[in-house]
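Below is one structure, written out as structure tokens; comments come after it.
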Amino acid sequence: MPPVVTPEVIWWALVPLLVLSAGGFLLLTIASLVRRLPDALPQAWTVITGLVVLVATIPMWDRVQSDGPRSFLGGTVAVDGSTVLVTAILAIAVVATALLARPYLEREDLPGVELYVLLLLSAAGGVVMASADDLIVLFLGLEILSIAAYVMAALHLRRIESQEAALKYFVLGAFASAFLLYGMALIYGATGSTRMARISGYLASTVLVQDGMLLAGIALLLVGLAFKVAAVPFHAWTPDVYQGAPSPVVAWMAAGVKTAGFAAMLRVLVVTLGTHASDWGPAVAVLAAASMVVGAWVAVLQTDVKRMLAYSSIAHAGFILLGIQAASGRGTAAVYVYLFVYTLLATGSFAVITTVGGRGDAAHGLDSYRGLARRQPLLAGAFTVLLLGQAGIPFTGGFVAKLGVLAAAVEGRTYWVAIVAMAAAAVAAFVYLRILVAMYLEDPEPDTAERIEVPPGTMVVIGVACAGVLLIGLVPGLLLDIAADAIPVLVGG
Amino acid sequence: MVVTTSWYLALAAVLFSMGAVGLLTRRNPLIMIMCVELMLNAVNLTFVSLGAELGDLGGQLSVFFVLVVAASEVVVGLAVVVAIMRRRQGATVDDLSVLRG
């Protein structure tokens, strides 16, 4: 009998995936076997797992930079600079979400380890997406990420809003997955493979006489991905889900799920289908412009701060798409910078919102923020830094991020989107200004005079996010260099 | 009359559209989950027929993965629906409109 040939496995490249999934499953097993877990254990476990992954990305990064990108497991999984960078961003988001989760769960009296387990598994899915070298693997990663996120949205058992958010998220997420998968099937039909390297090799060497199936596949793929990253006109679920889901979970959706979604978009559109950038580029440019305009405009009309930030996240998605539609190395690097900065901004902002939300996770109206500067100057000051960062004010990370994608769009000669982006940025700044005015210039409501306790874990998240945003704004060089080295490359076949 | 691959692809496209339209128009959460299944199985049919046309095993293999994903998706969807039904008997999607802005 001939020996069975097993595919090559590069174990060091799988460390983040193995640590995250083993962490999740072990925590679930331990929690179901031990009658009473120490209160602090699930959170500490999750934070340590996230930090281990974050530390593991440092030697991985050096190895990838010295040995070059590698493809393994029969050409279905790859490791390159982008994989490592996205893994690091996801690890940061996991740590931040876990730090926010414990005070929230205690305040809302929700026992159990499910949130932490689902968070770790969801992150594992994100890592699979970031290292996928095959469309089906990408789809599996996306589903692992999304299905865990659907359950996380439903986690607050006693709030019907949370359940409603989960159902909306589930239905539209499944709808989007089906579109994405149909697009993958048609691209498979047109090119004869689901391996990304083979698809791009085939498209580079062959001129398709009838490219209808390929174009339909690209269009469906684009619709599916646009749903996942919440680009207009596929954004309708975002405000409801952000408003209804538990606030720490929203931090994960905004930071982790979005990062993984854009990482997938870069791998599929820019790298695999880069030869057909003239087909999908204009469509992505329209999505970007619509997202920026609608996101910024509708955010102005909101009175709920969580919904405001949901629409502003749609506008941010538009800016990130600006970097993708450029379909260039510069655009890709700018997208990674934006994703890193946005992860800090989103986790920090939702940390503030989780705290101000109070018992019942309901005090998210603009009224709850009135006079915050007088009641709690430090919290208001931190929120100010984060909001200015989201607005893209100079000397914050948000400015560096926005400048990067704008430069990529101008370099790609899509001037009209760049102009729309600048107008949208001005409108969006007004949204953040409204929250700032409420915090600094208006008197507090008489019945909200009580002090808001900021738990130590939340304080760490807010502090690190503010420091990171300011640091990147003042010395952007390091992050820009890392992002420039992280451009994904396809190897294998 | 010869049944070619394009017939299967057309059938899959029709099934997929039925699922998509159903998902957008029906208001019963259970039927919406059935529509998701219909869409995913239409994609399976596409994968199988394209795999047969190309003489490539990859298409057939993909179906197994999609089946597993579809099953787990339905499990989560039904769990959410059950959690809602416990609180509100006979709820349709239109009854769930707490979230507005």
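For the structure tokens, the naming scheme is as follows: chains receive sequential letters (A, B, ...) according to their order of presentation, residues are indexed from 1 within each chain, and ligands are indexed from 1 in presentation order.
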Query raised in the report: Using only C-alpha atoms, which chain B residues lie at most 8 Å away from chain A, written as a PyMOL selection string?
Result: chain B and resi 20+23+32-33+36+39-40+43+46-47+50-51+54+56+58-59+62+65+69+73+76-77+80-81+83-84+87+96-101
Write the residues of the selection above to a file with N, CA and C atoms, as a short mmCIF file (atom, residue, chain, number, x, y, z; two decimals), in the first residue's frame.
data_model
loop_
_atom_site.label_atom_id
_atom_site.label_comp_id
_atom_site.auth_asym_id
_atom_site.auth_seq_id
_atom_site.Cartn_x
_atom_site.Cartn_y
_atom_site.Cartn_z
N ALA B 20 -34.21 34.45 -2.12
CA ALA B 20 -33.90 35.85 -1.81
C ALA B 20 -35.17 36.67 -1.71
N LEU B 23 -37.12 35.73 1.41
CA LEU B 23 -36.52 36.27 2.63
C LEU B 23 -36.90 37.73 2.83
N MET B 32 -38.46 32.57 6.91
CA MET B 32 -37.25 33.28 6.50
C MET B 32 -36.03 32.35 6.60
N ILE B 33 -35.99 31.53 7.66
CA ILE B 33 -34.87 30.59 7.79
C ILE B 33 -34.92 29.55 6.67
N VAL B 36 -33.39 31.03 3.64
CA VAL B 36 -31.92 31.00 3.68
C VAL B 36 -31.42 29.64 3.22
N MET B 39 -31.63 29.30 -0.49
CA MET B 39 -30.55 30.02 -1.18
C MET B 39 -29.25 29.22 -1.12
N LEU B 40 -28.93 28.69 0.07
CA LEU B 40 -27.66 27.96 0.19
C LEU B 40 -27.68 26.68 -0.64
N VAL B 43 -27.00 27.35 -4.20
CA VAL B 43 -25.55 27.48 -4.42
C VAL B 43 -24.92 26.10 -4.50
N THR B 46 -25.38 24.77 -7.85
CA THR B 46 -24.45 25.44 -8.77
C THR B 46 -23.06 24.80 -8.67
N PHE B 47 -22.60 24.60 -7.44
CA PHE B 47 -21.28 24.01 -7.23
C PHE B 47 -21.19 22.62 -7.87
N LEU B 50 -21.34 22.80 -11.77
CA LEU B 50 -20.10 23.36 -12.33
C LEU B 50 -18.95 22.38 -12.15
N GLY B 51 -18.93 21.69 -10.98
CA GLY B 51 -17.88 20.70 -10.75
C GLY B 51 -17.96 19.58 -11.77
N LEU B 54 -16.75 20.93 -15.15
CA LEU B 54 -15.30 21.13 -15.22
C LEU B 54 -14.54 19.83 -15.01
N ASP B 56 -14.01 18.48 -12.11
CA ASP B 56 -13.15 18.82 -10.99
C ASP B 56 -13.87 18.43 -9.70
N GLY B 58 -13.36 19.61 -6.76
CA GLY B 58 -13.48 20.74 -5.83
C GLY B 58 -14.91 21.20 -5.64
N GLY B 59 -15.68 21.22 -6.72
CA GLY B 59 -17.06 21.68 -6.64
C GLY B 59 -17.88 20.80 -5.72
N SER B 62 -16.87 21.22 -2.05
CA SER B 62 -17.34 22.46 -1.42
C SER B 62 -18.72 22.26 -0.81
N PHE B 65 -18.86 21.31 2.85
CA PHE B 65 -18.61 22.43 3.76
C PHE B 65 -19.85 23.30 3.87
N VAL B 69 -22.09 24.30 7.23
CA VAL B 69 -22.32 25.70 7.59
C VAL B 69 -23.82 25.99 7.65
N GLU B 73 -25.88 27.27 10.86
CA GLU B 73 -26.57 28.55 10.77
C GLU B 73 -28.03 28.41 11.22
N VAL B 76 -28.45 28.11 15.04
CA VAL B 76 -28.39 29.39 15.74
C VAL B 76 -29.64 30.21 15.47
N GLY B 77 -30.10 30.21 14.22
CA GLY B 77 -31.29 30.99 13.88
C GLY B 77 -32.50 30.51 14.67
N VAL B 80 -32.40 31.58 18.31
CA VAL B 80 -32.81 32.97 18.51
C VAL B 80 -34.33 33.09 18.41
N VAL B 81 -34.92 32.40 17.43
CA VAL B 81 -36.38 32.47 17.28
C VAL B 81 -37.06 31.92 18.52
N ALA B 83 -35.89 31.83 21.56
CA ALA B 83 -35.71 32.78 22.66
C ALA B 83 -36.73 33.91 22.55
N ILE B 84 -37.02 34.34 21.33
CA ILE B 84 -37.99 35.43 21.16
C ILE B 84 -39.41 34.93 21.42
N ARG B 87 -40.74 34.85 24.89
CA ARG B 87 -41.19 36.13 25.45
C ARG B 87 -42.47 36.62 24.77
N LEU B 96 -41.47 42.90 15.98
CA LEU B 96 -40.20 43.28 16.59
C LEU B 96 -39.77 44.61 16.04
N SER B 97 -40.20 45.66 16.66
CA SER B 97 -39.81 46.96 16.14
C SER B 97 -39.53 47.91 17.28
N VAL B 98 -38.84 47.38 18.29
CA VAL B 98 -38.44 48.24 19.41
C VAL B 98 -37.35 49.20 18.94
N LEU B 99 -36.51 48.71 18.02
CA LEU B 99 -35.36 49.48 17.62
C LEU B 99 -35.72 50.42 16.48
N ARG B 100 -35.78 51.67 16.76
CA ARG B 100 -36.10 52.68 15.76
C ARG B 100 -35.20 53.88 15.96
N GLY B 101 -35.06 54.70 14.95
CA GLY B 101 -34.28 55.91 15.19
C GLY B 101 -34.40 56.88 14.05
#
Query raised in the report: Running DSSP on the backbone, which parts of stretch 76-136 of chain A land in helix (DSSP H, G or I), as a count of residues only?
Result: 47
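Backbone DSSP assigns strand (DSSP E or B) in stretch 27-225 of chain A to Arg70, Ser71, Phe72, Val77, Ala78, Val79, Ala132, Asp134 and Arg195 of chain A.
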Applying 12 Å and only C-alpha atoms, which residues near stretch 33-50 of chain A remain after dropping the ones on its own chain fewer than 4 positions away? List them as a PDB file with C-alpha atoms, in the first residue's frame.
ATOM      1  CA  VAL A  15      -0.295  29.294  16.530  1.00  0.00           C
ATOM      2  CA  PRO A  16      -2.844  32.174  16.793  1.00  0.00           C
ATOM      3  CA  LEU A  17      -5.644  30.008  15.407  1.00  0.00           C
ATOM      4  CA  LEU A  18      -4.803  27.072  17.691  1.00  0.00           C
ATOM      5  CA  VAL A  19      -4.416  29.264  20.778  1.00  0.00           C
ATOM      6  CA  LEU A  20      -7.737  31.054  20.186  1.00  0.00           C
ATOM      7  CA  SER A  21      -9.798  27.954  19.454  1.00  0.00           C
ATOM      8  CA  ALA A  22      -8.150  25.847  22.174  1.00  0.00           C
ATOM      9  CA  GLY A  23      -8.691  28.735  24.601  1.00  0.00           C
ATOM     10  CA  GLY A  24     -12.371  28.897  23.692  1.00  0.00           C
ATOM     11  CA  PHE A  25     -13.043  25.166  23.889  1.00  0.00           C
ATOM     12  CA  LEU A  26     -11.041  24.671  27.108  1.00  0.00           C
ATOM     13  CA  LEU A  27     -12.856  27.514  28.814  1.00  0.00           C
ATOM     14  CA  LEU A  28     -16.211  26.021  27.783  1.00  0.00           C
ATOM     15  CA  THR A  29     -15.189  22.556  29.008  1.00  0.00           C
ATOM     16  CA  LEU A  54      -0.648  39.308  20.375  1.00  0.00           C
ATOM     17  CA  VAL A  55       2.820  38.356  21.627  1.00  0.00           C
ATOM     18  CA  ALA A  56       2.977  35.394  19.235  1.00  0.00           C
ATOM     19  CA  THR A  57       2.468  37.712  16.267  1.00  0.00           C
ATOM     20  CA  THR A  87      -4.310  38.723  13.646  1.00  0.00           C
ATOM     21  CA  ALA A  88      -2.682  41.315  15.899  1.00  0.00           C
ATOM     22  CA  ILE A  89      -5.576  43.754  15.393  1.00  0.00           C
ATOM     23  CA  LEU A  90      -8.090  40.996  16.197  1.00  0.00           C
ATOM     24  CA  ALA A  91      -6.118  40.072  19.332  1.00  0.00           C
ATOM     25  CA  ILE A  92      -6.255  43.692  20.510  1.00  0.00           C
ATOM     26  CA  ALA A  93     -10.010  43.739  19.912  1.00  0.00           C
ATOM     27  CA  VAL A  94     -10.448  40.470  21.842  1.00  0.00           C
ATOM     28  CA  VAL A  95      -8.533  41.799  24.853  1.00  0.00           C
ATOM     29  CA  ALA A  96     -10.495  45.069  24.829  1.00  0.00           C
ATOM     30  CA  THR A  97     -13.880  43.341  24.491  1.00  0.00           C
ATOM     31  CA  ALA A  98     -13.060  40.906  27.300  1.00  0.00           C
ATOM     32  CA  LEU A  99     -12.041  43.793  29.570  1.00  0.00           C
ATOM     33  CA  LEU A 100     -15.354  45.550  28.867  1.00  0.00           C
ATOM     34  CA  ALA A 101     -17.423  42.390  29.187  1.00  0.00           C
ATOM     35  CA  ARG A 102     -16.963  41.532  32.873  1.00  0.00           C
ATOM     36  CA  PRO A 103     -18.221  44.786  34.428  1.00  0.00           C
ATOM     37  CA  TYR A 104     -21.090  44.709  31.929  1.00  0.00           C
ATOM     38  CA  LEU A 105     -22.082  41.126  32.726  1.00  0.00           C
ATOM     39  CA  GLU A 106     -21.916  41.819  36.459  1.00  0.00           C
ATOM     40  CA  PRO A 111     -23.772  34.825  34.747  1.00  0.00           C
ATOM     41  CA  GLY A 112     -21.918  32.400  32.504  1.00  0.00           C
ATOM     42  CA  VAL A 113     -18.857  32.195  30.304  1.00  0.00           C
ATOM     43  CA  GLU A 114     -20.638  32.105  26.934  1.00  0.00           C
ATOM     44  CA  LEU A 115     -19.620  35.603  25.882  1.00  0.00           C
ATOM     45  CA  TYR A 116     -15.932  34.878  26.405  1.00  0.00           C
ATOM     46  CA  VAL A 117     -16.107  31.497  24.643  1.00  0.00           C
ATOM     47  CA  LEU A 118     -17.965  32.944  21.679  1.00  0.00           C
ATOM     48  CA  LEU A 119     -15.568  35.884  21.540  1.00  0.00           C
ATOM     49  CA  LEU A 120     -12.543  33.583  21.315  1.00  0.00           C
ATOM     50  CA  LEU A 121     -14.181  31.371  18.674  1.00  0.00           C
ATOM     51  CA  ALA A 123     -11.772  35.706  16.724  1.00  0.00           C
ATOM     52  CA  ALA A 124     -10.530  32.289  15.540  1.00  0.00           C
ATOM     53  CA  GLY A 457     -10.770  47.168  33.129  1.00  0.00           C
ATOM     54  CA  VAL A 461      -9.320  50.120  27.515  1.00  0.00           C
TER      55      VAL A 461
END
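Of note, atom CA of A:Gly323 and atom CA of A:Val405 are spaced 4.7 Å apart.
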Query raised in the report: Could you state the separation of atom CA of A:Ala373 and atom CA of A:Met439 in Å, given to one decimal place?
Result: 5.4 Å
Query raised in the report: Nearest to B:Ser17 among B:Ala79, B:Thr5, B:Ala42, B:Leu30, with distances taken over only C-alpha atoms: which residue is it?
Result: B:Ala42
